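Enquirer: Encoded as structure tokens, here's the structure I'll be asking about.
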Amino acid sequence: MGTDTGAHGTGRGEPQGRTLTGHDWPTTEAEAVAVQERVRAAADTMGPGPAPEEVRTVAGVDVAYADDGTLVAAAVVLETAGLTVVEESVHAGRAQFPYVPGLLAFRELPSVMAALDGLAHRPDVLVCDGYGIAHPRRAGLAVHLGVLTGIPCYGVAKTPFLFDYEQPGVDRGATSPLTIDGEQVGCALRTQDGVKPVFVSVGSGIGLPHATALTLRLAPAYRQPETTRRADRLGRARLATLT
């Protein structure tokens, strides 16, 4: 089953008409930073959240960009047990917020929320291609999504950001802490023997141990979890029809 919300969105409302913690989508850097402060305060980063064996469905979200500013947000719901696709949704639009380091979420959030609006199923957990509290203001995309949707959410990123870490051991499942100014904000996780690690950080509603264990279940054969792989493939395929 699939949904394509197109350039203007469908489902439970146009994303530009939503509010972020009671405020319109920000249009300036100062407004965005203020929103991040409110979202960070609203996030649940203390509770353990659902254990991997309790998670029946998980949704991956990813965003694909074209050089002309077109972007496609994709959401794919998988059954955790067999990693089979339950549902897909995409939303095509354009980035309305400028690229500012540390504020990338505001380029992606309206389209990502529109793609999630197109889903008939409410997943138990969201996994985004990005960061949660491993962020200068502890408010990456996964924090926003967890707060806005009320669904436990965390990020799995492919490249290191503004944190310190040491390489984990070479075996699958090995981890090492990600730190900012001495505070642990996630972990580097080896999902396959001898491959580059991915970087896991919580957003809201799930703790790091459960997020790390779930990531391993979602990555039985490849470096990236299947949530990211399927959403990336869906988004790129849709983008290719637009450019």
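In the structure tokens, chains take letters A, B, ... by order of appearance, with residues numbered from 1 within each chain and ligands from 1 in the order shown.
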Would you give me, as a PDB file with all heavy atoms, in the first residue's frame, the residues in region 13-197 of chain A that DSSP reads as helix (DSSP H, G or I)?
Expert:
```
ATOM      1  N   PRO A  15       1.282  20.822   5.674  1.00  0.00           N
ATOM      2  CA  PRO A  15       2.297  20.986   6.699  1.00  0.00           C
ATOM      3  C   PRO A  15       2.572  22.439   7.065  1.00  0.00           C
ATOM      4  O   PRO A  15       2.842  22.741   8.208  1.00  0.00           O
ATOM      5  CB  PRO A  15       3.541  20.334   6.078  1.00  0.00           C
ATOM      6  CG  PRO A  15       3.293  20.354   4.604  1.00  0.00           C
ATOM      7  CD  PRO A  15       1.813  20.182   4.473  1.00  0.00           C
ATOM      8  N   GLN A  16       2.480  23.347   6.089  1.00  0.00           N
ATOM      9  CA  GLN A  16       2.749  24.739   6.406  1.00  0.00           C
ATOM     10  C   GLN A  16       1.678  25.318   7.345  1.00  0.00           C
ATOM     11  O   GLN A  16       1.886  26.349   7.961  1.00  0.00           O
ATOM     12  CB  GLN A  16       2.820  25.580   5.128  1.00  0.00           C
ATOM     13  CG  GLN A  16       4.102  25.365   4.338  1.00  0.00           C
ATOM     14  CD  GLN A  16       4.087  24.098   3.528  1.00  0.00           C
ATOM     15  OE1 GLN A  16       3.061  23.436   3.435  1.00  0.00           O
ATOM     16  NE2 GLN A  16       5.212  23.735   2.938  1.00  0.00           N
ATOM     17  N   GLY A  17       0.530  24.642   7.448  1.00  0.00           N
ATOM     18  CA  GLY A  17      -0.512  25.100   8.352  1.00  0.00           C
ATOM     19  C   GLY A  17      -0.376  24.531   9.749  1.00  0.00           C
ATOM     20  O   GLY A  17      -1.115  24.909  10.652  1.00  0.00           O
ATOM     21  N   GLU A  29      16.303  32.445  11.191  1.00  0.00           N
ATOM     22  CA  GLU A  29      17.211  31.677  12.035  1.00  0.00           C
ATOM     23  C   GLU A  29      16.880  31.871  13.514  1.00  0.00           C
ATOM     24  O   GLU A  29      16.877  30.910  14.292  1.00  0.00           O
ATOM     25  CB  GLU A  29      18.655  32.081  11.750  1.00  0.00           C
ATOM     26  CG  GLU A  29      19.679  31.299  12.533  1.00  0.00           C
ATOM     27  CD  GLU A  29      21.104  31.619  12.108  1.00  0.00           C
ATOM     28  OE1 GLU A  29      21.293  32.280  11.065  1.00  0.00           O
ATOM     29  OE2 GLU A  29      22.030  31.205  12.835  1.00  0.00           O
ATOM     30  N   ALA A  30      16.592  33.089  13.900  1.00  0.00           N
ATOM     31  CA  ALA A  30      16.280  33.356  15.302  1.00  0.00           C
ATOM     32  C   ALA A  30      15.019  32.623  15.746  1.00  0.00           C
ATOM     33  O   ALA A  30      14.960  32.063  16.848  1.00  0.00           O
ATOM     34  CB  ALA A  30      16.124  34.863  15.531  1.00  0.00           C
ATOM     35  N   GLU A  31      13.994  32.617  14.884  1.00  0.00           N
ATOM     36  CA  GLU A  31      12.770  31.899  15.218  1.00  0.00           C
ATOM     37  C   GLU A  31      13.032  30.405  15.340  1.00  0.00           C
ATOM     38  O   GLU A  31      12.498  29.736  16.234  1.00  0.00           O
ATOM     39  CB  GLU A  31      11.713  32.148  14.142  1.00  0.00           C
ATOM     40  CG  GLU A  31      11.156  33.561  14.120  1.00  0.00           C
ATOM     41  CD  GLU A  31      10.232  33.805  12.943  1.00  0.00           C
ATOM     42  OE1 GLU A  31      10.142  32.931  12.048  1.00  0.00           O
ATOM     43  OE2 GLU A  31       9.602  34.884  12.910  1.00  0.00           O
ATOM     44  N   ALA A  32      13.860  29.875  14.439  1.00  0.00           N
ATOM     45  CA  ALA A  32      14.141  28.441  14.470  1.00  0.00           C
ATOM     46  C   ALA A  32      14.898  28.051  15.731  1.00  0.00           C
ATOM     47  O   ALA A  32      14.606  27.019  16.355  1.00  0.00           O
ATOM     48  CB  ALA A  32      14.937  28.043  13.228  1.00  0.00           C
ATOM     49  N   VAL A  33      15.869  28.843  16.132  1.00  0.00           N
ATOM     50  CA  VAL A  33      16.614  28.548  17.351  1.00  0.00           C
ATOM     51  C   VAL A  33      15.682  28.582  18.566  1.00  0.00           C
ATOM     52  O   VAL A  33      15.774  27.722  19.460  1.00  0.00           O
ATOM     53  CB  VAL A  33      17.775  29.548  17.529  1.00  0.00           C
ATOM     54  CG1 VAL A  33      18.409  29.413  18.912  1.00  0.00           C
ATOM     55  CG2 VAL A  33      18.828  29.317  16.446  1.00  0.00           C
ATOM     56  N   ALA A  34      14.762  29.532  18.593  1.00  0.00           N
ATOM     57  CA  ALA A  34      13.801  29.604  19.704  1.00  0.00           C
ATOM     58  C   ALA A  34      12.927  28.359  19.742  1.00  0.00           C
ATOM     59  O   ALA A  34      12.619  27.824  20.827  1.00  0.00           O
ATOM     60  CB  ALA A  34      12.945  30.864  19.574  1.00  0.00           C
ATOM     61  N   VAL A  35      12.503  27.885  18.578  1.00  0.00           N
ATOM     62  CA  VAL A  35      11.699  26.673  18.522  1.00  0.00           C
ATOM     63  C   VAL A  35      12.515  25.480  19.020  1.00  0.00           C
ATOM     64  O   VAL A  35      12.010  24.628  19.771  1.00  0.00           O
ATOM     65  CB  VAL A  35      11.184  26.425  17.088  1.00  0.00           C
ATOM     66  CG1 VAL A  35      10.610  25.024  16.951  1.00  0.00           C
ATOM     67  CG2 VAL A  35      10.120  27.456  16.728  1.00  0.00           C
ATOM     68  N   GLN A  36      13.760  25.397  18.615  1.00  0.00           N
ATOM     69  CA  GLN A  36      14.598  24.289  19.080  1.00  0.00           C
ATOM     70  C   GLN A  36      14.687  24.262  20.601  1.00  0.00           C
ATOM     71  O   GLN A  36      14.669  23.182  21.207  1.00  0.00           O
ATOM     72  CB  GLN A  36      15.998  24.397  18.476  1.00  0.00           C
ATOM     73  CG  GLN A  36      16.074  23.938  17.032  1.00  0.00           C
ATOM     74  CD  GLN A  36      17.491  23.907  16.509  1.00  0.00           C
ATOM     75  OE1 GLN A  36      18.348  24.670  16.960  1.00  0.00           O
ATOM     76  NE2 GLN A  36      17.743  23.044  15.559  1.00  0.00           N
ATOM     77  N   GLU A  37      14.791  25.419  21.210  1.00  0.00           N
ATOM     78  CA  GLU A  37      14.865  25.470  22.674  1.00  0.00           C
ATOM     79  C   GLU A  37      13.585  24.909  23.293  1.00  0.00           C
ATOM     80  O   GLU A  37      13.638  24.153  24.274  1.00  0.00           O
ATOM     81  CB  GLU A  37      15.096  26.909  23.140  1.00  0.00           C
ATOM     82  CG  GLU A  37      16.420  27.517  22.697  1.00  0.00           C
ATOM     83  CD  GLU A  37      17.622  26.850  23.349  1.00  0.00           C
ATOM     84  OE1 GLU A  37      17.456  26.185  24.397  1.00  0.00           O
ATOM     85  OE2 GLU A  37      18.743  26.991  22.812  1.00  0.00           O
ATOM     86  N   ARG A  38      12.430  25.253  22.729  1.00  0.00           N
ATOM     87  CA  ARG A  38      11.169  24.749  23.268  1.00  0.00           C
ATOM     88  C   ARG A  38      11.028  23.251  23.031  1.00  0.00           C
ATOM     89  O   ARG A  38      10.554  22.507  23.905  1.00  0.00           O
ATOM     90  CB  ARG A  38       9.993  25.505  22.636  1.00  0.00           C
ATOM     91  CG  ARG A  38       9.922  26.973  23.029  1.00  0.00           C
ATOM     92  CD  ARG A  38       8.574  27.575  22.650  1.00  0.00           C
ATOM     93  NE  ARG A  38       8.354  27.588  21.211  1.00  0.00           N
ATOM     94  CZ  ARG A  38       8.729  28.573  20.405  1.00  0.00           C
ATOM     95  NH1 ARG A  38       9.392  29.612  20.893  1.00  0.00           N
ATOM     96  NH2 ARG A  38       8.460  28.530  19.127  1.00  0.00           N
ATOM     97  N   VAL A  39      11.421  22.796  21.847  1.00  0.00           N
ATOM     98  CA  VAL A  39      11.311  21.376  21.539  1.00  0.00           C
ATOM     99  C   VAL A  39      12.230  20.556  22.437  1.00  0.00           C
ATOM    100  O   VAL A  39      11.851  19.496  22.943  1.00  0.00           O
ATOM    101  CB  VAL A  39      11.619  21.137  20.043  1.00  0.00           C
ATOM    102  CG1 VAL A  39      11.801  19.648  19.760  1.00  0.00           C
ATOM    103  CG2 VAL A  39      10.501  21.703  19.180  1.00  0.00           C
ATOM    104  N   ARG A  40      13.436  21.046  22.638  1.00  0.00           N
ATOM    105  CA  ARG A  40      14.369  20.329  23.513  1.00  0.00           C
ATOM    106  C   ARG A  40      13.778  20.174  24.916  1.00  0.00           C
ATOM    107  O   ARG A  40      13.884  19.113  25.538  1.00  0.00           O
ATOM    108  CB  ARG A  40      15.688  21.083  23.598  1.00  0.00           C
ATOM    109  CG  ARG A  40      16.710  20.408  24.524  1.00  0.00           C
ATOM    110  CD  ARG A  40      17.976  21.206  24.612  1.00  0.00           C
ATOM    111  NE  ARG A  40      17.772  22.512  25.227  1.00  0.00           N
ATOM    112  CZ  ARG A  40      18.725  23.425  25.404  1.00  0.00           C
ATOM    113  NH1 ARG A  40      19.964  23.168  25.004  1.00  0.00           N
ATOM    114  NH2 ARG A  40      18.464  24.574  25.970  1.00  0.00           N
ATOM    115  N   ALA A  41      13.146  21.220  25.422  1.00  0.00           N
ATOM    116  CA  ALA A  41      12.561  21.166  26.759  1.00  0.00           C
ATOM    117  C   ALA A  41      11.390  20.193  26.822  1.00  0.00           C
ATOM    118  O   ALA A  41      11.121  19.607  27.876  1.00  0.00           O
ATOM    119  CB  ALA A  41      12.102  22.564  27.181  1.00  0.00           C
ATOM    120  N   ALA A  42      10.694  20.007  25.698  1.00  0.00           N
ATOM    121  CA  ALA A  42       9.524  19.133  25.674  1.00  0.00           C
ATOM    122  C   ALA A  42       9.874  17.662  25.441  1.00  0.00           C
ATOM    123  O   ALA A  42       9.032  16.789  25.652  1.00  0.00           O
ATOM    124  CB  ALA A  42       8.556  19.598  24.582  1.00  0.00           C
ATOM    125  N   PRO A  52      13.093  -3.491  22.061  1.00  0.00           N
ATOM    126  CA  PRO A  52      12.989  -3.989  20.677  1.00  0.00           C
ATOM    127  C   PRO A  52      11.936  -5.072  20.492  1.00  0.00           C
ATOM    128  O   PRO A  52      11.227  -5.083  19.477  1.00  0.00           O
ATOM    129  CB  PRO A  52      14.401  -4.508  20.403  1.00  0.00           C
ATOM    130  CG  PRO A  52      15.279  -3.674  21.258  1.00  0.00           C
ATOM    131  CD  PRO A  52      14.494  -3.439  22.517  1.00  0.00           C
ATOM    132  N   GLU A  53      11.813  -5.979  21.450  1.00  0.00           N
ATOM    133  CA  GLU A  53      10.836  -7.066  21.301  1.00  0.00           C
ATOM    134  C   GLU A  53       9.398  -6.580  21.410  1.00  0.00           C
ATOM    135  O   GLU A  53       8.464  -7.304  21.042  1.00  0.00           O
ATOM    136  CB  GLU A  53      11.098  -8.160  22.342  1.00  0.00           C
ATOM    137  CG  GLU A  53      10.999  -7.720  23.778  1.00  0.00           C
ATOM    138  CD  GLU A  53      12.315  -7.200  24.344  1.00  0.00           C
ATOM    139  OE1 GLU A  53      13.229  -6.875  23.547  1.00  0.00           O
ATOM    140  OE2 GLU A  53      12.420  -7.109  25.587  1.00  0.00           O
ATOM    141  N   GLU A  54       9.198  -5.359  21.898  1.00  0.00           N
ATOM    142  CA  GLU A  54       7.860  -4.791  21.988  1.00  0.00           C
ATOM    143  C   GLU A  54       7.475  -4.001  20.747  1.00  0.00           C
ATOM    144  O   GLU A  54       6.316  -3.617  20.597  1.00  0.00           O
ATOM    145  CB  GLU A  54       7.782  -3.855  23.202  1.00  0.00           C
ATOM    146  CG  GLU A  54       8.046  -4.534  24.534  1.00  0.00           C
ATOM    147  CD  GLU A  54       8.175  -3.550  25.684  1.00  0.00           C
ATOM    148  OE1 GLU A  54       8.489  -2.362  25.424  1.00  0.00           O
ATOM    149  OE2 GLU A  54       7.969  -3.967  26.834  1.00  0.00           O
ATOM    150  N   ALA A 105      16.852  20.626  10.230  1.00  0.00           N
ATOM    151  CA  ALA A 105      15.520  20.067  10.459  1.00  0.00           C
ATOM    152  C   ALA A 105      14.425  20.939   9.869  1.00  0.00           C
ATOM    153  O   ALA A 105      13.405  20.427   9.388  1.00  0.00           O
ATOM    154  CB  ALA A 105      15.279  19.880  11.964  1.00  0.00           C
ATOM    155  N   PHE A 106      14.618  22.247   9.869  1.00  0.00           N
ATOM    156  CA  PHE A 106      13.554  23.138   9.408  1.00  0.00           C
ATOM    157  C   PHE A 106      13.413  23.146   7.889  1.00  0.00           C
ATOM    158  O   PHE A 106      12.403  23.598   7.367  1.00  0.00           O
ATOM    159  CB  PHE A 106      13.788  24.544   9.964  1.00  0.00           C
ATOM    160  CG  PHE A 106      13.683  24.580  11.460  1.00  0.00           C
ATOM    161  CD1 PHE A 106      14.827  24.573  12.240  1.00  0.00           C
ATOM    162  CD2 PHE A 106      12.452  24.563  12.077  1.00  0.00           C
ATOM    163  CE1 PHE A 106      14.727  24.572  13.626  1.00  0.00           C
ATOM    164  CE2 PHE A 106      12.344  24.561  13.455  1.00  0.00           C
ATOM    165  CZ  PHE A 106      13.491  24.557  14.238  1.00  0.00           C
ATOM    166  N   ARG A 107      14.412  22.660   7.165  1.00  0.00           N
ATOM    167  CA  ARG A 107      14.262  22.455   5.725  1.00  0.00           C
ATOM    168  C   ARG A 107      13.423  21.213   5.444  1.00  0.00           C
ATOM    169  O   ARG A 107      12.756  21.123   4.414  1.00  0.00           O
ATOM    170  CB  ARG A 107      15.636  22.300   5.065  1.00  0.00           C
ATOM    171  CG  ARG A 107      16.464  23.558   5.047  1.00  0.00           C
ATOM    172  CD  ARG A 107      17.852  23.334   4.495  1.00  0.00           C
ATOM    173  NE  ARG A 107      17.884  22.899   3.107  1.00  0.00           N
ATOM    174  CZ  ARG A 107      17.788  23.708   2.056  1.00  0.00           C
ATOM    175  NH1 ARG A 107      17.628  25.006   2.250  1.00  0.00           N
ATOM    176  NH2 ARG A 107      17.852  23.229   0.834  1.00  0.00           N
ATOM    177  N   GLU A 108      13.470  20.247   6.351  1.00  0.00           N
ATOM    178  CA  GLU A 108      12.895  18.935   6.082  1.00  0.00           C
ATOM    179  C   GLU A 108      11.576  18.675   6.792  1.00  0.00           C
ATOM    180  O   GLU A 108      10.751  17.895   6.309  1.00  0.00           O
ATOM    181  CB  GLU A 108      13.912  17.857   6.478  1.00  0.00           C
ATOM    182  CG  GLU A 108      15.223  17.973   5.720  1.00  0.00           C
ATOM    183  CD  GLU A 108      16.194  16.853   6.023  1.00  0.00           C
ATOM    184  OE1 GLU A 108      15.956  16.092   6.988  1.00  0.00           O
ATOM    185  OE2 GLU A 108      17.195  16.729   5.291  1.00  0.00           O
ATOM    186  N   LEU A 109      11.362  19.313   7.937  1.00  0.00           N
ATOM    187  CA  LEU A 109      10.207  18.972   8.761  1.00  0.00           C
ATOM    188  C   LEU A 109       8.858  19.098   8.063  1.00  0.00           C
ATOM    189  O   LEU A 109       8.028  18.173   8.170  1.00  0.00           O
ATOM    190  CB  LEU A 109      10.201  19.829  10.030  1.00  0.00           C
ATOM    191  CG  LEU A 109      10.991  19.268  11.213  1.00  0.00           C
ATOM    192  CD1 LEU A 109      11.177  20.337  12.273  1.00  0.00           C
ATOM    193  CD2 LEU A 109      10.297  18.046  11.799  1.00  0.00           C
ATOM    194  N   PRO A 110       8.552  20.185   7.337  1.00  0.00           N
ATOM    195  CA  PRO A 110       7.218  20.245   6.726  1.00  0.00           C
ATOM    196  C   PRO A 110       6.934  19.072   5.793  1.00  0.00           C
ATOM    197  O   PRO A 110       5.850  18.480   5.839  1.00  0.00           O
ATOM    198  CB  PRO A 110       7.249  21.580   5.965  1.00  0.00           C
ATOM    199  CG  PRO A 110       8.233  22.409   6.722  1.00  0.00           C
ATOM    200  CD  PRO A 110       9.300  21.448   7.147  1.00  0.00           C
ATOM    201  N   SER A 111       7.909  18.700   4.960  1.00  0.00           N
ATOM    202  CA  SER A 111       7.681  17.599   4.028  1.00  0.00           C
ATOM    203  C   SER A 111       7.671  16.256   4.735  1.00  0.00           C
ATOM    204  O   SER A 111       6.890  15.356   4.385  1.00  0.00           O
ATOM    205  CB  SER A 111       8.750  17.611   2.923  1.00  0.00           C
ATOM    206  OG  SER A 111       8.581  18.742   2.094  1.00  0.00           O
ATOM    207  N   VAL A 112       8.526  16.081   5.738  1.00  0.00           N
ATOM    208  CA  VAL A 112       8.528  14.824   6.492  1.00  0.00           C
ATOM    209  C   VAL A 112       7.204  14.635   7.213  1.00  0.00           C
ATOM    210  O   VAL A 112       6.616  13.542   7.203  1.00  0.00           O
ATOM    211  CB  VAL A 112       9.701  14.784   7.487  1.00  0.00           C
ATOM    212  CG1 VAL A 112       9.545  13.615   8.454  1.00  0.00           C
ATOM    213  CG2 VAL A 112      11.026  14.676   6.753  1.00  0.00           C
ATOM    214  N   MET A 113       6.706  15.693   7.835  1.00  0.00           N
ATOM    215  CA  MET A 113       5.416  15.579   8.523  1.00  0.00           C
ATOM    216  C   MET A 113       4.290  15.294   7.537  1.00  0.00           C
ATOM    217  O   MET A 113       3.358  14.539   7.840  1.00  0.00           O
ATOM    218  CB  MET A 113       5.133  16.861   9.302  1.00  0.00           C
ATOM    219  CG  MET A 113       6.064  17.088  10.488  1.00  0.00           C
ATOM    220  SD  MET A 113       5.933  15.822  11.767  1.00  0.00           S
ATOM    221  CE  MET A 113       4.291  16.167  12.405  1.00  0.00           C
ATOM    222  N   ALA A 114       4.360  15.863   6.332  1.00  0.00           N
ATOM    223  CA  ALA A 114       3.339  15.580   5.319  1.00  0.00           C
ATOM    224  C   ALA A 114       3.405  14.118   4.889  1.00  0.00           C
ATOM    225  O   ALA A 114       2.368  13.473   4.675  1.00  0.00           O
ATOM    226  CB  ALA A 114       3.531  16.491   4.113  1.00  0.00           C
ATOM    227  N   ALA A 115       4.609  13.576   4.724  1.00  0.00           N
ATOM    228  CA  ALA A 115       4.733  12.158   4.378  1.00  0.00           C
ATOM    229  C   ALA A 115       4.164  11.281   5.488  1.00  0.00           C
ATOM    230  O   ALA A 115       3.460  10.294   5.220  1.00  0.00           O
ATOM    231  CB  ALA A 115       6.194  11.805   4.107  1.00  0.00           C
ATOM    232  N   LEU A 116       4.435  11.624   6.736  1.00  0.00           N
ATOM    233  CA  LEU A 116       3.873  10.848   7.846  1.00  0.00           C
ATOM    234  C   LEU A 116       2.358  10.978   7.896  1.00  0.00           C
ATOM    235  O   LEU A 116       1.655  10.019   8.254  1.00  0.00           O
ATOM    236  CB  LEU A 116       4.489  11.311   9.165  1.00  0.00           C
ATOM    237  CG  LEU A 116       5.968  10.969   9.363  1.00  0.00           C
ATOM    238  CD1 LEU A 116       6.501  11.645  10.622  1.00  0.00           C
ATOM    239  CD2 LEU A 116       6.185   9.463   9.434  1.00  0.00           C
ATOM    240  N   ASP A 117       1.839  12.147   7.546  1.00  0.00           N
ATOM    241  CA  ASP A 117       0.387  12.326   7.484  1.00  0.00           C
ATOM    242  C   ASP A 117      -0.266  11.361   6.500  1.00  0.00           C
ATOM    243  O   ASP A 117      -1.438  11.010   6.647  1.00  0.00           O
ATOM    244  CB  ASP A 117       0.051  13.753   7.053  1.00  0.00           C
ATOM    245  CG  ASP A 117       0.119  14.744   8.197  1.00  0.00           C
ATOM    246  OD1 ASP A 117       0.152  14.317   9.362  1.00  0.00           O
ATOM    247  OD2 ASP A 117       0.138  15.955   7.918  1.00  0.00           O
ATOM    248  N   LEU A 141      16.738  16.559  14.183  1.00  0.00           N
ATOM    249  CA  LEU A 141      15.470  16.183  13.550  1.00  0.00           C
ATOM    250  C   LEU A 141      14.700  15.158  14.368  1.00  0.00           C
ATOM    251  O   LEU A 141      13.474  15.243  14.494  1.00  0.00           O
ATOM    252  CB  LEU A 141      15.748  15.633  12.140  1.00  0.00           C
ATOM    253  CG  LEU A 141      14.538  15.138  11.346  1.00  0.00           C
ATOM    254  CD1 LEU A 141      13.552  16.272  11.086  1.00  0.00           C
ATOM    255  CD2 LEU A 141      14.984  14.510  10.021  1.00  0.00           C
ATOM    256  N   ALA A 142      15.387  14.165  14.940  1.00  0.00           N
ATOM    257  CA  ALA A 142      14.684  13.123  15.686  1.00  0.00           C
ATOM    258  C   ALA A 142      13.999  13.673  16.932  1.00  0.00           C
ATOM    259  O   ALA A 142      12.946  13.168  17.346  1.00  0.00           O
ATOM    260  CB  ALA A 142      15.656  12.008  16.071  1.00  0.00           C
ATOM    261  N   VAL A 143      14.564  14.697  17.544  1.00  0.00           N
ATOM    262  CA  VAL A 143      13.925  15.322  18.699  1.00  0.00           C
ATOM    263  C   VAL A 143      12.623  15.993  18.266  1.00  0.00           C
ATOM    264  O   VAL A 143      11.570  15.815  18.884  1.00  0.00           O
ATOM    265  CB  VAL A 143      14.864  16.347  19.361  1.00  0.00           C
ATOM    266  CG1 VAL A 143      14.172  17.026  20.542  1.00  0.00           C
ATOM    267  CG2 VAL A 143      16.142  15.664  19.828  1.00  0.00           C
ATOM    268  N   HIS A 144      12.683  16.751  17.171  1.00  0.00           N
ATOM    269  CA  HIS A 144      11.477  17.416  16.664  1.00  0.00           C
ATOM    270  C   HIS A 144      10.390  16.400  16.324  1.00  0.00           C
ATOM    271  O   HIS A 144       9.227  16.576  16.698  1.00  0.00           O
ATOM    272  CB  HIS A 144      11.814  18.230  15.415  1.00  0.00           C
ATOM    273  CG  HIS A 144      12.608  19.462  15.689  1.00  0.00           C
ATOM    274  ND1 HIS A 144      12.027  20.663  16.024  1.00  0.00           N
ATOM    275  CD2 HIS A 144      13.944  19.685  15.680  1.00  0.00           C
ATOM    276  CE1 HIS A 144      12.962  21.579  16.206  1.00  0.00           C
ATOM    277  NE2 HIS A 144      14.142  21.009  16.004  1.00  0.00           N
ATOM    278  N   LEU A 145      10.761  15.349  15.602  1.00  0.00           N
ATOM    279  CA  LEU A 145       9.753  14.378  15.175  1.00  0.00           C
ATOM    280  C   LEU A 145       9.132  13.666  16.365  1.00  0.00           C
ATOM    281  O   LEU A 145       7.923  13.411  16.391  1.00  0.00           O
ATOM    282  CB  LEU A 145      10.370  13.363  14.219  1.00  0.00           C
ATOM    283  CG  LEU A 145      10.684  13.870  12.819  1.00  0.00           C
ATOM    284  CD1 LEU A 145      11.369  12.782  12.002  1.00  0.00           C
ATOM    285  CD2 LEU A 145       9.413  14.330  12.105  1.00  0.00           C
ATOM    286  N   GLY A 146       9.948  13.319  17.357  1.00  0.00           N
ATOM    287  CA  GLY A 146       9.404  12.653  18.527  1.00  0.00           C
ATOM    288  C   GLY A 146       8.421  13.532  19.280  1.00  0.00           C
ATOM    289  O   GLY A 146       7.361  13.075  19.723  1.00  0.00           O
ATOM    290  N   VAL A 147       8.751  14.816  19.416  1.00  0.00           N
ATOM    291  CA  VAL A 147       7.863  15.740  20.118  1.00  0.00           C
ATOM    292  C   VAL A 147       6.603  16.020  19.314  1.00  0.00           C
ATOM    293  O   VAL A 147       5.484  16.004  19.838  1.00  0.00           O
ATOM    294  CB  VAL A 147       8.605  17.052  20.444  1.00  0.00           C
ATOM    295  CG1 VAL A 147       7.644  18.111  20.963  1.00  0.00           C
ATOM    296  CG2 VAL A 147       9.705  16.795  21.471  1.00  0.00           C
ATOM    297  N   LEU A 148       6.741  16.266  18.017  1.00  0.00           N
ATOM    298  CA  LEU A 148       5.588  16.628  17.181  1.00  0.00           C
ATOM    299  C   LEU A 148       4.610  15.486  17.000  1.00  0.00           C
ATOM    300  O   LEU A 148       3.394  15.697  16.947  1.00  0.00           O
ATOM    301  CB  LEU A 148       6.070  17.113  15.811  1.00  0.00           C
ATOM    302  CG  LEU A 148       6.733  18.487  15.760  1.00  0.00           C
ATOM    303  CD1 LEU A 148       7.307  18.747  14.373  1.00  0.00           C
ATOM    304  CD2 LEU A 148       5.755  19.584  16.148  1.00  0.00           C
ATOM    305  N   THR A 149       5.118  14.262  16.872  1.00  0.00           N
ATOM    306  CA  THR A 149       4.236  13.119  16.597  1.00  0.00           C
ATOM    307  C   THR A 149       3.799  12.390  17.847  1.00  0.00           C
ATOM    308  O   THR A 149       2.792  11.683  17.828  1.00  0.00           O
ATOM    309  CB  THR A 149       4.930  12.107  15.680  1.00  0.00           C
ATOM    310  OG1 THR A 149       6.067  11.548  16.366  1.00  0.00           O
ATOM    311  CG2 THR A 149       5.377  12.750  14.372  1.00  0.00           C
TER     312      THR A 149
END
```
Enquirer: Go through region 115-239 of chain A and collect every residue that DSSP, computed from the backbone, puts in strand (DSSP E); the answer should be as number ranges by chain.
Expert: A: 125-128, 153-157, 175-180, 183-189, 198-204
Enquirer: Please provide as a ChimeraX atom specification all residues within 9 Å of region 164-170 of chain A, with the sequence filter that same-chain residues fewer than 5 positions apart are discarded (counting only C-alpha atoms).
Expert: /A:175-182,187-190,192-197
Enquirer: Just want the 10 Å neighbourhood of region 212-215 of chain A, counted on only C-alpha atoms, with same-chain residues fewer than 5 positions away dropped. Output as a VMD selection string.
Expert: chain A and resid 50 to 53 55 58 80 125 127 154 to 156 173 175 186 to 189 191 198 to 202 207 220 224 to 227
Enquirer: Just want the 8 Å neighbourhood of Ala66 (chain A), counted on only C-alpha atoms, with same-chain residues fewer than 3 positions away dropped. Output as a CSV table (one decimal) with all heavy atoms, in the first residue's frame.
Expert:
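Here's the written file selection36.csv:
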```csv
chain,number,residue,atom,x,y,z
A,69,GLY,N,16.4,22.5,-5.7
A,69,GLY,CA,15.6,22.8,-4.5
A,69,GLY,C,14.5,21.9,-4.3
A,69,GLY,O,13.8,22.0,-3.2
A,70,THR,N,14.1,21.1,-5.2
A,70,THR,CA,13.0,20.1,-5.0
A,70,THR,C,13.5,19.1,-4.0
A,70,THR,O,14.6,18.7,-4.0
A,70,THR,CB,12.7,19.4,-6.3
A,70,THR,OG1,12.3,20.4,-7.3
A,70,THR,CG2,11.6,18.4,-6.1
A,71,LEU,N,12.6,18.7,-3.1
A,71,LEU,CA,12.9,17.6,-2.2
A,71,LEU,C,11.7,16.7,-2.1
A,71,LEU,O,10.6,17.0,-2.4
A,71,LEU,CB,13.3,18.2,-0.8
A,71,LEU,CG,12.3,19.0,0.0
A,71,LEU,CD1,11.3,18.1,0.7
A,71,LEU,CD2,13.0,19.9,0.9
A,239,LEU,N,11.9,11.2,-6.6
A,239,LEU,CA,12.6,12.4,-7.0
A,239,LEU,C,13.0,12.3,-8.5
A,239,LEU,O,13.0,13.3,-9.3
A,239,LEU,CB,13.8,12.6,-6.2
A,239,LEU,CG,14.6,14.0,-6.4
A,239,LEU,CD1,13.7,15.1,-6.0
A,239,LEU,CD2,15.9,14.0,-5.6
A,243,THR,N,12.6,15.4,-11.8
A,243,THR,CA,13.8,16.2,-12.2
A,243,THR,C,14.3,15.7,-13.6
A,243,THR,O,13.9,14.6,-14.0
A,243,THR,CB,14.9,16.1,-11.2
A,243,THR,OG1,15.3,14.8,-11.0
A,243,THR,CG2,14.5,16.8,-9.9
```
Enquirer: Here is a test: counting only C-alpha atoms, which residue of A:His121, A:Arg138, A:Arg236, A:His210 is nearest to Leu78 (chain A)?
Expert: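 Closest residue, counting only C-alpha atoms: A:His121.
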Enquirer: Using Å and a single decimal, report how far CA of Pro48 (chain A) sits from CA of Leu208 (chain A).
Expert: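 Spanning CA of Leu208 (chain A) to CA of Pro48 (chain A) is a straight-line distance of 7.6 Å.
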